[in-house]
Structure formats: structure tokens, C-alpha cells
>>> print(open('work.pdb').read())   # PDB, C-alpha atoms
ATOM      1  CA  MET A  23      36.820  24.811  -6.867
ATOM      2  CA  ARG A  24      34.442  23.852  -4.017
ATOM      3  CA  LYS A  25      32.664  27.220  -4.272
ATOM      4  CA  ILE A  26      32.045  26.704  -8.002
ATOM      5  CA  ALA A  27      30.557  23.234  -7.357
ATOM      6  CA  ILE A  28      28.177  24.649  -4.756
ATOM      7  CA  ILE A  29      27.068  27.404  -7.150
ATOM      8  CA  GLU A  30      26.505  24.858  -9.926
ATOM      9  CA  LEU A  31      24.549  22.630  -7.546
ATOM     10  CA  GLY A  32      22.386  25.607  -6.589
ATOM     11  CA  GLY A  33      21.710  26.299 -10.251
ATOM     12  CA  VAL A  34      20.707  22.681 -10.908
ATOM     13  CA  ARG A  35      18.466  22.674  -7.841
ATOM     14  CA  GLY A  36      16.899  25.977  -8.894
ATOM     15  CA  LYS A  37      16.101  24.620 -12.360
ATOM     16  CA  LYS A  38      14.620  21.456 -10.867
ATOM     17  CA  LEU A  39      12.428  23.519  -8.508
ATOM     18  CA  GLN A  40      11.359  25.772 -11.374
ATOM     19  CA  ARG A  41      10.234  22.709 -13.388
ATOM     20  CA  LEU A  42       8.387  21.369 -10.361
ATOM     21  CA  TYR A  43       6.607  24.690  -9.812
ATOM     22  CA  GLU A  44       5.641  24.883 -13.499
ATOM     23  CA  GLN A  45       4.254  21.368 -13.142
ATOM     24  CA  ALA A  46       2.213  22.500 -10.114
ATOM     25  CA  ARG A  47       0.790  25.458 -12.064
ATOM     26  CA  GLY A  48      -0.175  23.215 -14.979
ATOM     27  CA  GLU A  49      -1.733  20.697 -12.626
ATOM     28  CA  ALA A  50      -3.665  23.500 -10.901
ATOM     29  CA  LEU A  51      -5.107  24.630 -14.250
ATOM     30  CA  ARG A  52      -6.216  21.102 -15.187
ATOM     31  CA  GLU A  53      -7.680  20.454 -11.740
ATOM     32  CA  LEU A  54      -9.515  23.775 -11.746
ATOM     33  CA  ALA A  55     -11.231  22.799 -14.988
ATOM     34  CA  ALA A  56     -12.165  19.424 -13.513
ATOM     35  CA  HIS A  57     -13.298  20.657 -10.068
ATOM     36  CA  LYS A  58     -14.747  24.143 -10.557
ATOM     37  CA  ARG A  59     -18.304  22.762 -10.287
ATOM     38  CA  ASN A  60     -17.473  20.592  -7.257
ATOM     39  CA  PRO A  61     -19.062  22.243  -4.192
ATOM     40  CA  LEU A  62     -16.383  20.881  -1.833
ATOM     41  CA  PHE A  63     -13.616  22.325  -4.053
ATOM     42  CA  VAL A  64     -15.270  25.737  -4.192
ATOM     43  CA  ALA A  65     -16.112  25.709  -0.466
ATOM     44  CA  GLY A  66     -12.589  24.655   0.519
ATOM     45  CA  LEU A  67     -10.981  27.339  -1.609
ATOM     46  CA  MET A  68     -13.326  30.025  -0.361
ATOM     47  CA  LEU A  69     -12.555  29.008   3.223
ATOM     48  CA  TYR A  70      -8.862  29.307   2.412
ATOM     49  CA  PHE A  71      -9.468  32.604   0.623
ATOM     50  CA  GLY A  72     -11.071  34.046   3.768
ATOM     51  CA  GLU A  73      -9.229  32.300   6.595
ATOM     52  CA  GLY A  74      -6.043  30.841   5.118
ATOM     53  CA  ASP A  75      -2.454  32.017   5.183
ATOM     54  CA  LYS A  76      -1.338  33.408   1.849
ATOM     55  CA  THR A  77       2.079  34.768   2.847
ATOM     56  CA  THR A  78       4.228  31.790   3.837
ATOM     57  CA  LYS A  79       5.864  29.825   1.023
ATOM     58  CA  HIS A  80       6.005  26.326   2.398
ATOM     59  CA  GLN A  81       2.849  25.800   4.443
ATOM     60  CA  VAL A  82      -0.855  25.703   3.759
ATOM     61  CA  ARG A  83      -2.450  26.970   6.996
ATOM     62  CA  LEU A  84      -6.007  27.848   7.943
ATOM     63  CA  SER A  85      -7.133  29.077  11.376
ATOM     64  CA  ASN A  86     -10.590  29.358  12.877
ATOM     65  CA  THR A  87     -12.601  28.803  16.061
ATOM     66  CA  ASP A  88     -15.495  26.937  14.402
ATOM     67  CA  PRO A  89     -15.125  23.125  14.506
ATOM     68  CA  ILE A  90     -17.545  22.617  11.589
ATOM     69  CA  LEU A  91     -15.557  24.998   9.384
ATOM     70  CA  ILE A  92     -12.327  23.182  10.308
ATOM     71  CA  LYS A  93     -13.912  19.781   9.595
ATOM     72  CA  LEU A  94     -15.122  20.989   6.172
ATOM     73  CA  TYR A  95     -11.652  22.282   5.338
ATOM     74  CA  LEU A  96     -10.119  18.956   6.374
ATOM     75  CA  ALA A  97     -12.535  17.153   4.021
ATOM     76  CA  PHE A  98     -11.403  19.488   1.216
ATOM     77  CA  LEU A  99      -7.722  18.771   1.913
ATOM     78  CA  GLU A 100      -8.205  15.020   1.998
ATOM     79  CA  SER A 101     -10.856  14.464  -0.689
ATOM     80  CA  VAL A 102     -10.046  17.161  -3.224
ATOM     81  CA  CYS A 103      -6.364  17.914  -2.662
ATOM     82  CA  GLY A 104      -5.393  14.326  -1.915
ATOM     83  CA  VAL A 105      -3.477  15.219   1.243
ATOM     84  CA  GLU A 106      -2.733  12.128   3.315
ATOM     85  CA  LYS A 107      -4.176  12.324   6.822
ATOM     86  CA  GLU A 108      -0.720  11.753   8.313
ATOM     87  CA  LYS A 109       0.546  14.962   6.654
ATOM     88  CA  ILE A 110      -2.045  17.131   8.415
ATOM     89  CA  ARG A 111      -1.049  18.799  11.687
ATOM     90  CA  ILE A 112      -3.095  20.794  14.164
ATOM     91  CA  GLN A 113      -1.839  23.678  16.280
ATOM     92  CA  LEU A 114      -4.002  25.325  18.928
ATOM     93  CA  ALA A 115      -3.873  28.845  20.258
ATOM     94  CA  VAL A 116      -5.329  28.727  23.751
ATOM     95  CA  TYR A 117      -6.107  31.284  26.406
ATOM     96  CA  PRO A 118      -4.700  31.084  29.946
ATOM     97  CA  ASP A 119      -8.075  30.235  31.513
ATOM     98  CA  ILE A 120      -8.675  27.241  29.216
ATOM     99  CA  ASP A 121      -7.422  23.798  30.242
ATOM    100  CA  GLN A 122      -5.023  22.777  27.470
ATOM    101  CA  ALA A 123      -5.569  19.019  27.787
ATOM    102  CA  SER A 124      -9.360  19.262  27.585
ATOM    103  CA  ASN A 125      -8.983  21.751  24.730
ATOM    104  CA  GLU A 126      -6.857  19.261  22.786
ATOM    105  CA  ARG A 127      -9.377  16.486  23.457
ATOM    106  CA  PHE A 128     -12.193  18.769  22.254
ATOM    107  CA  TRP A 129     -10.457  19.585  18.957
ATOM    108  CA  SER A 130      -9.325  16.010  18.413
ATOM    109  CA  PHE A 131     -12.898  14.779  18.826
ATOM    110  CA  ALA A 132     -14.361  17.645  16.742
ATOM    111  CA  THR A 133     -11.944  17.172  13.841
ATOM    112  CA  GLY A 134     -11.202  13.460  13.983
ATOM    113  CA  VAL A 135      -7.469  14.260  14.056
ATOM    114  CA  PRO A 136      -5.601  12.194  16.661
ATOM    115  CA  MET A 137      -3.750  14.164  19.337
ATOM    116  CA  ALA A 138      -0.501  12.581  18.157
ATOM    117  CA  ARG A 139      -0.674  14.959  15.169
ATOM    118  CA  PHE A 140      -1.096  18.067  17.333
ATOM    119  CA  THR A 141       1.894  20.369  17.633
ATOM    120  CA  LYS A 142       2.742  22.436  20.698
ATOM    121  CA  SER A 143      -0.055  24.848  21.584
ATOM    122  CA  ILE A 144       0.484  28.596  21.629
ATOM    123  CA  LEU A 145      -0.617  30.534  24.705
ATOM    124  CA  GLN A 146      -2.603  33.612  23.652
ATOM    125  CA  LYS A 147      -2.952  36.788  25.636
ATOM    126  CA  PRO A 148      -6.621  37.478  26.346
ATOM    127  CA  ARG A 149      -8.136  40.063  24.014
ATOM    128  CA  LYS A 150     -11.270  41.937  24.867
ATOM    129  CA  GLY A 151     -14.336  40.597  23.085
ATOM    130  CA  SER A 152     -12.568  38.191  20.701
ATOM    131  CA  ARG A 153     -12.274  34.781  22.289
ATOM    132  CA  GLY A 154     -13.270  31.408  21.038
ATOM    133  CA  GLY A 155     -14.477  29.144  23.833
ATOM    134  CA  GLN A 156     -12.064  26.417  22.761
ATOM    135  CA  GLY A 157      -9.293  28.624  21.381
ATOM    136  CA  VAL A 158      -8.193  28.874  17.776
ATOM    137  CA  CYS A 159      -7.482  25.761  15.728
ATOM    138  CA  THR A 160      -4.908  25.957  12.922
ATOM    139  CA  VAL A 161      -4.708  23.225  10.300
ATOM    140  CA  ILE A 162      -1.202  22.932   8.830
ATOM    141  CA  VAL A 163       0.090  21.070   5.775
ATOM    142  CA  SER A 164       3.762  21.561   4.950
ATOM    143  CA  SER A 165       3.929  21.548   1.141
ATOM    144  CA  SER A 166       5.309  24.198  -1.199
ATOM    145  CA  TYR A 167       3.719  22.308  -4.089
ATOM    146  CA  LEU A 168       0.207  22.420  -2.601
ATOM    147  CA  LYS A 169       0.715  26.043  -1.535
ATOM    148  CA  LEU A 170       1.536  27.007  -5.115
ATOM    149  CA  LYS A 171      -1.534  25.168  -6.394
ATOM    150  CA  MET A 172      -3.773  26.814  -3.783
ATOM    151  CA  LEU A 173      -2.554  30.291  -4.707
ATOM    152  CA  GLU A 174      -3.017  29.503  -8.404
ATOM    153  CA  TRP A 175      -6.571  28.287  -7.765
ATOM    154  CA  LEU A 176      -7.316  31.404  -5.711
ATOM    155  CA  ALA A 177      -6.092  33.603  -8.548
ATOM    156  CA  LEU A 178      -8.172  31.787 -11.181
ATOM    157  CA  LEU A 179     -11.371  30.590  -9.475
ATOM    158  CA  PRO A 180     -13.150  33.951  -8.996
ATOM    159  CA  GLY A 181     -12.905  34.669 -12.726
ATOM    160  CA  GLU A 182     -14.177  31.197 -13.550
ATOM    161  CA  LEU A 183     -17.143  31.540 -11.199
ATOM    162  CA  MET A 184     -18.103  34.956 -12.568
ATOM    163  CA  LYS A 185     -18.103  33.887 -16.218
ATOM    164  CA  LYS A 186     -21.517  34.112 -17.803
TER     165      LYS A 186
END
>>> encode(input="work.pdb", output="C-alpha cells")
Amino acid sequence: MRKIAIIELGGVRGKKLQRLYEQARGEALRELAAHKRNPLFVAGLMLYFGEGDKTTKHQVRLSNTDPILIKLYLAFLESVCGVEKEKIRIQLAVYPDIDQASNERFWSFATGVPMARFTKSILQKPRKGSRGGQGVCTVIVSSSYLKLKMLEWLALLPGELMKK
């Protein structure tokens, strides 16, 4: 009897998630129509298209070494996507010869994100010719809903921009 209840609960949860994901797709379509001429929307999506993670299901992540690019992406998340600042996390990938504390201070100042929202840094092995002076900054938002919308926008926006 307990096994049947768990299966039924899983079915109910699955249907609820399916409705939520359909809602996200519909919302993405409406927002695309409203924002496709907004330069910050287009810039943010193109940054995500080039530098963002498209494989994980539950996180919207973008990594780069350029503080200006990161700051622009943060503006997109907050202004266009409506992500609350408190939901945004930063993770740094640093090299052994970089002082982690000063690196965190650098990225906190460059992005305006307080260090309290930084997660544990990742120590990178040095690679020949491909080092950022301050390491790699990854912006993370944990949201399946936003991830679904981002992927929907990425699928639709190029066609919209190329319409004559």
C-alpha cells in the first residue's frame, strides 16, 4: 500500500511540474515578444548563448574572466529576468599563484556582489596560455524555471532576429 501511495504522489508531482514547465514556456514566448527589441535582453541572451551552461537542468550558470561582461550579465538577470539579488551566487575558479582573498575582493568590487554570496572557490590547475589574471568568475542562479525560459529564448531568438 505504501509503495502505491509513493507512485501516485510521484505522478501528481510530475503533472504539477509539467504544468509549471508549460507555464514557463508560455511566459518565455510572451516575454520574447515584449523584449526582443530590448538591447539588454538580446545582449544577455547572446552572452548566455556563448558563455552559459546549457546542459544542467536546475542552474543558470555563466562563466568568464571579463568583469564588464559579468556585470552586464548580472544587469540582464536582475533587470530583465527579475532575479532577486539574493538569489545570485558567485563561484570563482582561481589559480594556485593567485591570492584567493584578494581575488574575492576584486570580483566583489567589480560585480557589486557581496562576498557573503560567494561560494567556495575552485582551485584550477595552471594551463599554458589560458589564464585570467583574476581567475574565472561563474554567476549561478538555481532555478529550473528560469533555465527552461532561457533555453526557450535561445531556441527562438535567432529566428526572431533574422526575420526580415
>>> closest_residue(input="work.pdb", among="A:Gln113, A:Thr87, A:Asn125, A:Thr141", to="A:Val158", atoms="all atoms listed in the file")
A:Thr87
>>> resolve_selection(input="work.pdb", expression="the PyMOL selection byres ((chain A and resi 63-72) around 7)", output="VMD selection string")
chain A and resid 57 to 58 60 to 62 73 to 74 84 95 98 102 176
>>> write_last_selection(input="work.pdb", atoms="C-alpha atoms", output="tab-separated table (two decimals), in the coordinates of the input")
chain	number	residue	atom	x	y	z
A	57	HIS	CA	-13.30	20.66	-10.07
A	58	LYS	CA	-14.75	24.14	-10.56
A	60	ASN	CA	-17.47	20.59	-7.26
A	61	PRO	CA	-19.06	22.24	-4.19
A	62	LEU	CA	-16.38	20.88	-1.83
A	73	GLU	CA	-9.23	32.30	6.60
A	74	GLY	CA	-6.04	30.84	5.12
A	84	LEU	CA	-6.01	27.85	7.94
A	95	TYR	CA	-11.65	22.28	5.34
A	98	PHE	CA	-11.40	19.49	1.22
A	102	VAL	CA	-10.05	17.16	-3.22
A	176	LEU	CA	-7.32	31.40	-5.71
>>> closest_residue(input="work.pdb", among="A:Lys107, A:Arg41, A:Arg83, A:Lys147", to="A:Cys159", atoms="only C-alpha atoms")
A:Arg83
>>> residues_around(input="work.pdb", residues="stretch 115-119 of chain A", least_positions_apart="6", cutoff="6 Å", atoms="all atoms listed in the file", output="list in words")
Ser143, Ile144, Leu145, Gln146, Gly157 and Val158 of chain A
>>> write_last_selection(input="work.pdb", atoms="C-alpha atoms", output="compact mmCIF listing (two decimals), in the coordinates of the input")
# COMPACT_ATOMS: atom_id res chain seq x y z
CA SER A 143 -0.06 24.85 21.58
CA ILE A 144 0.48 28.60 21.63
CA LEU A 145 -0.62 30.53 24.70
CA GLN A 146 -2.60 33.61 23.65
CA GLY A 157 -9.29 28.62 21.38
CA VAL A 158 -8.19 28.87 17.78
>>> residues_near_point(input="work.pdb", point="(-11.3, 19.3, 21.9)", cutoff="12 Å", atoms="only C-alpha atoms", output="number ranges by chain")
A: 87-89, 112-114, 116, 120-137, 140, 155-159
>>> resolve_selection(input="work.pdb", expression="the PyMOL selection byres ((chain A and resi 49) around 12)", output="VMD selection string")
chain A and resid 42 to 48 50 to 57 103 167 to 168 170 to 172 174 to 175
>>> atom_distance(input="work.pdb", atom1="atom CA of A:Lys169", atom2="atom CA of A:Lys185")
25.1 Å
>>> residues_around(input="work.pdb", residues="A:Gln81", least_positions_apart="5", cutoff="6 Å", atoms="all atoms listed in the file", output="list in words")
Val163, Ser164 and Ser165 of chain A
>>> closest_residue(input="work.pdb", among="A:Thr160, A:Ser166, A:Gln40, A:Thr77", to="A:Arg111", atoms="all atoms listed in the file")
A:Thr160
>>> atom_distance(input="work.pdb", atom1="atom CA of A:Ile162", atom2="atom CA of A:Glu106")
12.2 Å
>>> atom_distance(input="work.pdb", atom1="atom CA of A:Lys79", atom2="atom CA of A:Arg59")
27.6 Å
